[in-house]
file upload16.txt (compact mmCIF, C-alpha atoms and all ligand atoms)
# COMPACT_ATOMS: atom_id res chain seq x y z
CA MET A 1 -60.04 -105.13 31.30
CA ALA A 2 -60.17 -108.88 31.86
CA GLN A 3 -57.51 -108.50 34.56
CA ARG A 4 -59.56 -105.77 36.23
CA ARG A 5 -62.69 -107.94 36.18
CA ALA A 6 -60.75 -110.85 37.65
CA ALA A 7 -59.35 -108.58 40.38
CA MET A 8 -62.85 -107.27 41.14
CA GLY A 9 -64.13 -110.87 41.25
CA ARG A 10 -61.42 -111.79 43.73
CA GLY A 11 -62.30 -108.71 45.80
CA VAL A 12 -65.97 -109.69 45.96
CA LEU A 13 -65.02 -113.27 46.83
CA LEU A 14 -62.75 -112.15 49.66
CA ALA A 15 -65.36 -109.71 50.99
CA THR A 16 -68.03 -112.41 50.97
CA MET A 17 -65.72 -114.91 52.66
CA SER A 18 -64.89 -112.31 55.33
CA ALA A 19 -68.60 -111.70 55.92
CA ILE A 20 -69.24 -115.42 56.32
CA LEU A 21 -66.33 -115.84 58.71
CA ALA A 22 -67.58 -112.88 60.79
CA ALA A 23 -71.05 -114.43 60.93
CA LEU A 24 -69.60 -117.80 61.88
CA ALA A 25 -67.52 -116.28 64.65
CA SER A 26 -70.66 -114.91 66.26
CA THR A 27 -72.49 -118.27 66.14
CA SER A 28 -73.06 -119.79 69.54
CA ALA A 29 -70.94 -122.85 70.20
CA HIS A 30 -73.68 -125.31 71.04
CA ALA A 31 -77.29 -124.53 70.21
CA ASP A 32 -79.71 -126.23 72.57
CA VAL A 33 -81.82 -128.96 71.13
CA SER A 34 -85.08 -127.30 70.21
CA GLY A 35 -88.47 -128.74 69.61
CA CYS A 36 -88.63 -131.12 72.54
CA PRO A 37 -91.64 -130.09 74.59
CA GLN A 38 -91.61 -130.32 78.38
CA ALA A 39 -94.22 -133.03 78.09
CA PRO A 40 -94.14 -135.00 74.83
CA PRO A 41 -97.14 -134.44 72.57
CA ALA A 42 -99.81 -137.11 72.54
CA ALA A 43 -98.28 -140.26 71.11
CA ALA A 44 -101.60 -141.45 69.70
CA PHE A 45 -101.08 -142.09 66.03
CA ASP A 46 -103.68 -143.17 63.53
CA SER A 47 -101.73 -145.20 60.97
CA THR A 48 -104.68 -145.91 58.66
CA TRP A 49 -104.25 -144.68 55.11
CA PRO A 50 -104.15 -141.85 54.19
CA ILE A 51 -101.79 -140.94 57.02
CA ASN A 52 -102.35 -137.55 58.60
CA LEU A 53 -99.17 -135.50 58.10
CA GLY A 54 -99.61 -133.44 61.27
CA LEU A 55 -99.87 -136.58 63.39
CA LEU A 56 -96.88 -138.07 61.63
CA GLN A 57 -94.85 -134.96 62.48
CA GLN A 58 -95.90 -135.30 66.12
CA ARG A 59 -94.81 -138.90 66.11
CA LEU A 60 -91.40 -137.97 64.71
CA ILE A 61 -90.96 -135.34 67.42
CA VAL A 62 -91.82 -137.86 70.11
CA TYR A 63 -89.29 -140.28 68.61
CA ARG A 64 -86.61 -137.58 68.35
CA CYS A 65 -87.07 -136.53 71.95
CA ASN A 66 -87.19 -140.02 73.44
CA ASP A 67 -85.52 -142.80 71.47
CA TYR A 68 -83.59 -141.36 68.53
CA LEU A 69 -80.31 -140.75 70.33
CA LYS A 70 -80.49 -144.14 72.05
CA ASP A 71 -80.97 -145.90 68.71
CA PHE A 72 -78.25 -143.75 67.16
CA ALA A 73 -75.78 -144.49 69.96
CA ALA A 74 -76.51 -148.23 69.78
CA GLU A 75 -75.54 -148.35 66.09
CA VAL A 76 -72.40 -146.28 66.65
CA ALA A 77 -71.45 -148.63 69.51
CA LYS A 78 -71.49 -151.54 67.03
CA ALA A 79 -69.15 -149.61 64.75
CA ARG A 80 -66.84 -148.86 67.67
CA ALA A 81 -66.61 -152.52 68.70
CA TRP A 82 -65.72 -153.47 65.12
CA VAL A 83 -63.06 -150.84 64.48
CA GLU A 84 -61.41 -151.50 67.84
CA GLN A 85 -61.02 -155.14 66.84
CA ARG A 86 -60.22 -154.58 63.18
CA ALA A 87 -57.90 -151.56 63.03
CA PRO A 88 -54.88 -153.32 64.63
CA GLN A 89 -55.13 -156.12 62.03
CA VAL A 90 -54.92 -153.85 58.99
CA VAL A 91 -52.34 -151.66 57.25
CA LYS A 92 -53.61 -148.12 56.57
CA PRO A 93 -57.15 -148.56 57.89
CA ALA A 94 -59.65 -145.80 57.16
CA VAL A 95 -63.10 -144.94 58.45
CA VAL A 96 -65.59 -142.87 56.45
CA PHE A 97 -68.20 -140.58 57.95
CA ASP A 98 -71.11 -138.81 56.33
CA ILE A 99 -71.74 -135.35 57.82
CA ASP A 100 -75.43 -134.38 58.06
CA GLU A 101 -77.38 -136.47 60.58
CA THR A 102 -74.27 -138.63 60.98
CA SER A 103 -71.61 -136.31 62.39
CA LEU A 104 -73.66 -133.12 62.77
CA SER A 105 -77.31 -132.79 63.70
CA ASN A 106 -79.49 -130.25 61.90
CA TRP A 107 -82.40 -130.84 64.22
CA GLU A 108 -82.98 -127.16 64.91
CA GLN A 109 -83.60 -126.53 61.22
CA LEU A 110 -85.53 -129.75 60.63
CA TYR A 111 -87.91 -128.89 63.47
CA HIS A 112 -88.21 -125.27 62.40
CA ASN A 113 -89.10 -126.30 58.84
CA GLN A 114 -91.47 -129.01 60.06
CA PHE A 115 -89.35 -131.55 58.15
CA ALA A 116 -89.77 -129.76 54.80
CA TYR A 117 -86.76 -129.39 52.49
CA VAL A 118 -86.35 -125.75 51.46
CA PRO A 119 -83.31 -125.55 49.15
CA SER A 120 -82.85 -121.78 48.94
CA GLY A 121 -83.90 -118.53 50.57
CA PRO A 122 -82.86 -116.88 53.82
CA CYS A 123 -82.56 -118.63 57.16
CA ASP A 124 -83.69 -116.55 60.10
CA LEU A 125 -85.16 -118.87 62.69
CA LYS A 126 -86.77 -115.92 64.47
CA SER A 127 -88.57 -114.65 61.38
CA GLY A 128 -91.34 -117.23 61.26
CA MET A 129 -90.28 -118.04 57.69
CA ALA A 130 -88.87 -121.33 56.45
CA CYS A 131 -85.08 -121.69 56.70
CA GLY A 132 -83.29 -122.24 53.38
CA GLN A 133 -80.88 -125.16 53.28
CA ARG A 134 -77.89 -123.35 51.80
CA GLU A 135 -78.14 -120.41 54.21
CA TRP A 136 -78.46 -122.85 57.10
CA GLU A 137 -75.33 -124.70 56.00
CA LEU A 138 -73.41 -121.43 55.50
CA GLY A 139 -74.41 -120.45 59.04
CA ALA A 140 -72.53 -123.53 60.34
CA ARG A 141 -75.17 -124.28 62.97
CA GLY A 142 -75.00 -128.06 62.96
CA VAL A 143 -74.45 -129.60 66.39
CA ALA A 144 -72.18 -132.60 66.98
CA LEU A 145 -73.91 -135.93 67.40
CA THR A 146 -72.06 -136.99 70.54
CA PRO A 147 -71.78 -140.75 69.83
CA THR A 148 -70.15 -140.03 66.47
CA LEU A 149 -67.80 -137.41 67.91
CA GLU A 150 -66.75 -139.84 70.63
CA LEU A 151 -66.12 -142.55 68.03
CA PHE A 152 -64.14 -140.10 65.89
CA ARG A 153 -61.92 -139.26 68.87
CA PHE A 154 -61.62 -142.89 69.91
CA LEU A 155 -60.39 -143.80 66.44
CA GLN A 156 -57.54 -141.34 66.87
CA THR A 157 -56.27 -143.42 69.82
CA LEU A 158 -56.09 -146.67 67.79
CA LYS A 159 -53.02 -148.00 65.98
CA ASP A 160 -52.92 -150.07 62.83
CA LYS A 161 -50.85 -153.20 62.21
CA ASN A 162 -47.68 -151.13 61.73
CA GLY A 163 -48.37 -148.74 64.57
CA GLY A 164 -49.80 -146.12 62.21
CA ALA A 165 -52.95 -144.07 62.69
CA VAL A 166 -56.48 -144.75 61.48
CA ALA A 167 -57.29 -142.29 58.69
CA LEU A 168 -60.60 -140.44 59.01
CA PHE A 169 -62.54 -139.18 56.01
CA PHE A 170 -65.73 -137.18 55.58
CA ILE A 171 -67.81 -137.67 52.45
CA THR A 172 -70.73 -135.25 52.26
CA GLY A 173 -73.45 -134.59 49.72
CA ARG A 174 -73.04 -130.87 50.33
CA GLY A 175 -71.92 -129.16 47.13
CA GLU A 176 -68.30 -128.19 46.60
CA ASP A 177 -67.82 -124.43 46.62
CA PRO A 178 -65.53 -122.20 48.67
CA PHE A 179 -68.31 -120.88 50.94
CA GLU A 180 -69.79 -124.31 51.70
CA ARG A 181 -66.34 -125.72 52.36
CA THR A 182 -65.34 -122.91 54.70
CA ALA A 183 -68.62 -123.12 56.63
CA THR A 184 -68.65 -126.93 56.81
CA GLU A 185 -65.05 -127.21 57.97
CA TRP A 186 -65.63 -124.44 60.52
CA ASN A 187 -68.75 -126.18 61.80
CA LEU A 188 -66.96 -129.53 62.16
CA ARG A 189 -64.01 -128.00 64.01
CA ARG A 190 -66.17 -125.88 66.30
CA GLU A 191 -68.10 -129.00 67.27
CA GLY A 192 -64.90 -130.88 68.09
CA TYR A 193 -64.01 -132.78 64.92
CA GLU A 194 -60.31 -132.27 64.25
CA GLY A 195 -57.64 -134.17 62.38
CA TRP A 196 -59.49 -135.65 59.43
CA GLN A 197 -57.52 -136.73 56.40
CA ARG A 198 -59.80 -135.26 53.76
CA LEU A 199 -63.31 -133.87 53.37
CA TYR A 200 -64.98 -134.81 50.09
CA MET A 201 -67.73 -132.49 48.86
CA ARG A 202 -69.98 -133.19 45.92
CA PRO A 203 -68.54 -131.68 42.73
CA SER A 204 -70.84 -129.31 40.89
CA ASN A 205 -69.93 -130.85 37.53
CA ASN A 206 -71.72 -134.17 37.95
CA PRO A 207 -75.37 -133.32 37.36
CA GLY A 208 -77.56 -136.34 36.86
CA ALA A 209 -75.41 -138.67 38.89
CA ASN A 210 -77.11 -139.72 42.10
CA VAL A 211 -75.36 -139.04 45.33
CA ALA A 212 -74.49 -142.71 45.86
CA VAL A 213 -72.44 -142.67 42.65
CA TYR A 214 -70.42 -139.68 43.83
CA LYS A 215 -69.96 -141.15 47.32
CA THR A 216 -68.80 -144.47 45.89
CA ARG A 217 -66.28 -142.66 43.67
CA ALA A 218 -64.96 -140.89 46.73
CA ARG A 219 -64.51 -144.20 48.59
CA ARG A 220 -62.76 -145.65 45.55
CA ASP A 221 -60.46 -142.64 45.58
CA ILE A 222 -59.61 -143.43 49.21
CA GLU A 223 -58.90 -147.05 48.27
CA ASP A 224 -56.72 -145.87 45.38
CA MET A 225 -54.54 -144.20 48.01
CA HIS A 226 -54.06 -147.73 49.46
CA TYR A 227 -56.30 -147.26 52.45
CA ALA A 228 -58.50 -150.12 53.62
CA ILE A 229 -61.94 -148.75 54.51
CA ILE A 230 -62.89 -150.83 57.51
CA ALA A 231 -66.12 -148.94 58.31
CA ASN A 232 -68.47 -146.48 56.63
CA LEU A 233 -71.12 -144.65 58.67
CA GLY A 234 -74.12 -142.82 57.25
CA ASP A 235 -77.76 -142.02 57.94
CA GLN A 236 -78.86 -142.76 54.35
CA TYR A 237 -78.46 -145.91 52.28
CA SER A 238 -77.08 -143.62 49.58
CA ASP A 239 -74.07 -143.14 51.91
CA LEU A 240 -73.42 -146.87 51.89
CA ILE A 241 -74.41 -148.25 48.48
CA GLY A 242 -71.45 -149.22 46.31
CA ASP A 243 -71.06 -150.43 42.75
CA ASP A 244 -70.60 -153.69 40.84
CA ALA A 245 -67.19 -154.11 42.44
CA GLY A 246 -68.66 -153.99 45.97
CA ASP A 247 -69.59 -151.61 48.75
CA HIS A 248 -66.07 -150.18 49.15
CA ALA A 249 -66.17 -150.68 52.91
CA GLU A 250 -65.66 -153.86 54.92
CA ARG A 251 -68.60 -152.96 57.14
CA CYS A 252 -71.14 -150.19 57.02
CA TYR A 253 -73.49 -148.78 59.63
CA LYS A 254 -76.91 -147.28 58.87
CA LEU A 255 -77.79 -144.67 61.45
CA PRO A 256 -81.43 -143.82 62.10
CA ASN A 257 -82.92 -140.87 60.25
CA PRO A 258 -86.70 -140.92 59.94
CA PHE A 259 -86.77 -137.18 59.18
CA TYR A 260 -85.78 -137.11 55.51
CA PHE A 261 -84.76 -139.45 52.70
CA ILE A 262 -82.07 -139.10 50.03
CA PRO A 263 -82.41 -141.69 47.26
CA PRO A 264 -81.55 -144.32 46.22
CA ALA A 265 -83.23 -146.70 48.63
CA LEU A 266 -81.73 -149.92 49.97
CA PRO A 267 -81.53 -152.40 47.07
CA GLU A 268 -83.78 -155.44 47.39
CA ALA A 269 -80.74 -157.67 47.67
CA GLY A 270 -79.49 -155.60 50.61
CA LEU A 271 -75.86 -154.59 51.07
CA LYS A 272 -73.02 -156.94 51.86
CA CYS A 273 -71.37 -154.37 54.13
CA LEU A 274 -74.48 -154.38 56.35
CA ASN A 275 -74.20 -158.12 57.00
CA HIS A 276 -72.39 -158.23 60.28
MG MG A 301 -76.45 -137.59 56.05

call {"tool": "encode", "arguments": {"input": "upload16.txt", "output": "C-alpha cells", "more": "lines below"}}
Ligand SMILES: [Mg+2]
result
Amino acid sequence: MAQRRAAMGRGVLLATMSAILAALASTSAHADVSGCPQAPPAAAFDSTWPINLGLLQQRLIVYRCNDYLKDFAAEVAKARAWVEQRAPQVVKPAVVFDIDETSLSNWEQLYHNQFAYVPSGPCDLKSGMACGQREWELGARGVALTPTLELFRFLQTLKDKNGGAVALFFITGRGEDPFERTATEWNLRREGYEGWQRLYMRPSNNPGANVAVYKTRARRDIEDMHYAIIANLGDQYSDLIGDDAGDHAERCYKLPNPFYFIPPALPEAGLKCLNH
C-alpha cells in the first residue's frame, strides 16, 4: 500500500513537472519591458507627510524608465573593475550573485501588481487580477538584467592566480523545492546565464531565520570549499550582511531596488564589504 502511494506520488510529481516544463517551453524568450509610458507621467511629487501612495508609484515608474538601469549599470561596472583586478591575484576566486532584481528583473510583475507583494494565487497578467509570486516564479518570466549578465560572462574569461576559472554562485531567497528549482534554473539559462558552480535556494526547514542568516550560511559553505569570495552582488542589504566573523565577501555591491524591501536593513555601523 505504502509502495503504491509512493509510486502514485512520484507519478503526480512527474506529471506536474512535465506540465511546468511544457509551460516554460512556450514562454517567450524576452518579454518587453512593460509599464514605461511613451511620455513619462508627471514627475511632480509632493513629499510632505503623509506621502500619497499613488504619486509615489508614479515616481518609481519615472525612475524605472529613466535612471534605474543607468544606476544599476554604474554599480555593476564598479564590481567589474574590482574582479578584473582581483581575480588574477587569488587562488579559487568566487563571485556570488543574488537572482531577483540582481540577475533577473521581475519588472513586468512588479508593475502589474503596482509594487504589492502577493505571495500566492494565480498569475495571469491578462486577467486584471494580481499576479501571485510563486506562480510568477514557476512561469520563469524573469528577464536578464544586461549589466549583470555581461559581468557574469566577463568573469568566465578571467583566470585566477593558477590559471583556473572564477567560480560563479547564485544564492537566492527563493524556496528550495523541485518546481522552483526547475523553473529558476530554466529561467536563468534561457536568459543567458550558463556555467554556474552552484545555485543555493532557501531551505524550507529554517523557519524563523531571516534571509540574511541563510545567505551568510551559503557564503560560508562556499568558503568551506576553499573558495575566496572576492565579490558579492545583491539588490538588498540582506544579500550582503554577514555575521560576527565578517561579511564573507571581500567586497560587496548594493544594486538599486526602490521597488521592494527584504529585511534586515543596513546596520547602523554599515558593512565592511561596502567600504571600497
Ligand atoms: Mg534580490

call {"tool": "residues_near_ligand", "arguments": {"input": "upload16.txt", "ligand": "ligand MG 301 (chain A)", "cutoff": "8 Å", "atoms": "only C-alpha atoms and all ligand atoms", "output": "PyMOL selection string"}}
result
chain A and resi 98-102+172-173+234-236+239

call {"tool": "closest_residue", "arguments": {"input": "upload16.txt", "among": "A:Glu137, A:Asp71, A:Glu176, A:Glu150", "to": "Asn257 in chain A", "atoms": "all atoms listed in the file"}}
result
A:Asp71

call {"tool": "residues_around", "arguments": {"input": "upload16.txt", "residues": "range 186-194 of chain A", "least_positions_apart": "5", "cutoff": "7 Å", "atoms": "only C-alpha atoms", "output": "CSV table (one decimal) with C-alpha atoms, keeping the file's coordinate frame"}}
result
chain,number,residue,atom,x,y,z
A,29,ALA,CA,-70.9,-122.8,70.2
A,140,ALA,CA,-72.5,-123.5,60.3
A,141,ARG,CA,-75.2,-124.3,63.0
A,142,GLY,CA,-75.0,-128.1,63.0
A,143,VAL,CA,-74.4,-129.6,66.4
A,144,ALA,CA,-72.2,-132.6,67.0
A,149,LEU,CA,-67.8,-137.4,67.9

call {"tool": "residues_near_point", "arguments": {"input": "upload16.txt", "point": "(-83.2, -135.2, 46.8)", "cutoff": "9 Å", "atoms": "all atoms listed in the file", "output": "PDB file with C-alpha atoms, keeping the file's coordinate frame"}}
result
ATOM      1  CA  TYR A 117     -86.760-129.390  52.490  1.00  0.00           C
ATOM      2  CA  ASN A 210     -77.110-139.720  42.100  1.00  0.00           C
ATOM      3  CA  VAL A 211     -75.360-139.040  45.330  1.00  0.00           C
ATOM      4  CA  PHE A 261     -84.760-139.450  52.700  1.00  0.00           C
ATOM      5  CA  ILE A 262     -82.070-139.100  50.030  1.00  0.00           C
ATOM      6  CA  PRO A 263     -82.410-141.690  47.260  1.00  0.00           C
TER       7      PRO A 263
END

call {"tool": "atom_distance", "arguments": {"input": "upload16.txt", "atom1": "CA of Leu168 in chain A", "atom2": "CA of Arg202 in chain A"}}
result
17.7 Å

call {"tool": "axis_aligned_box", "arguments": {"input": "upload16.txt", "around": "range 84-91 of chain A", "padding_each_side": "6 Å", "output": "AutoDock Vina command-line options"}}
result
--center_x -56.9 --center_y -153.8 --center_z 62.5 --size_x 21.1 --size_y 16.6 --size_z 22.6

call {"tool": "residues_near_point", "arguments": {"input": "upload16.txt", "point": "(-68.2, -148.6, 59.7)", "cutoff": "7 Å", "atoms": "all atoms listed in the file", "output": "list in words"}}
result
Ala79, Val95, Ile230, Ala231, Asn232, Leu233, Arg251, Cys252 and Tyr253 of chain A

call {"tool": "closest_residue", "arguments": {"input": "upload16.txt", "among": "A:Tyr111, A:Trp49, A:Phe72, A:Tyr227", "to": "Thr146 in chain A", "atoms": "all atoms listed in the file"}}
result
A:Phe72

call {"tool": "residues_around", "arguments": {"input": "upload16.txt", "residues": "Asp124 in chain A", "least_positions_apart": "4", "cutoff": "12 Å", "atoms": "all atoms listed in the file", "output": "list in words"}}
result
Glu108, Gln109, His112, Asn113, Gly128, Met129, Ala130, Cys131, Gly132, Gln133, Glu135, Trp136, Gly139 and Arg141 of chain A
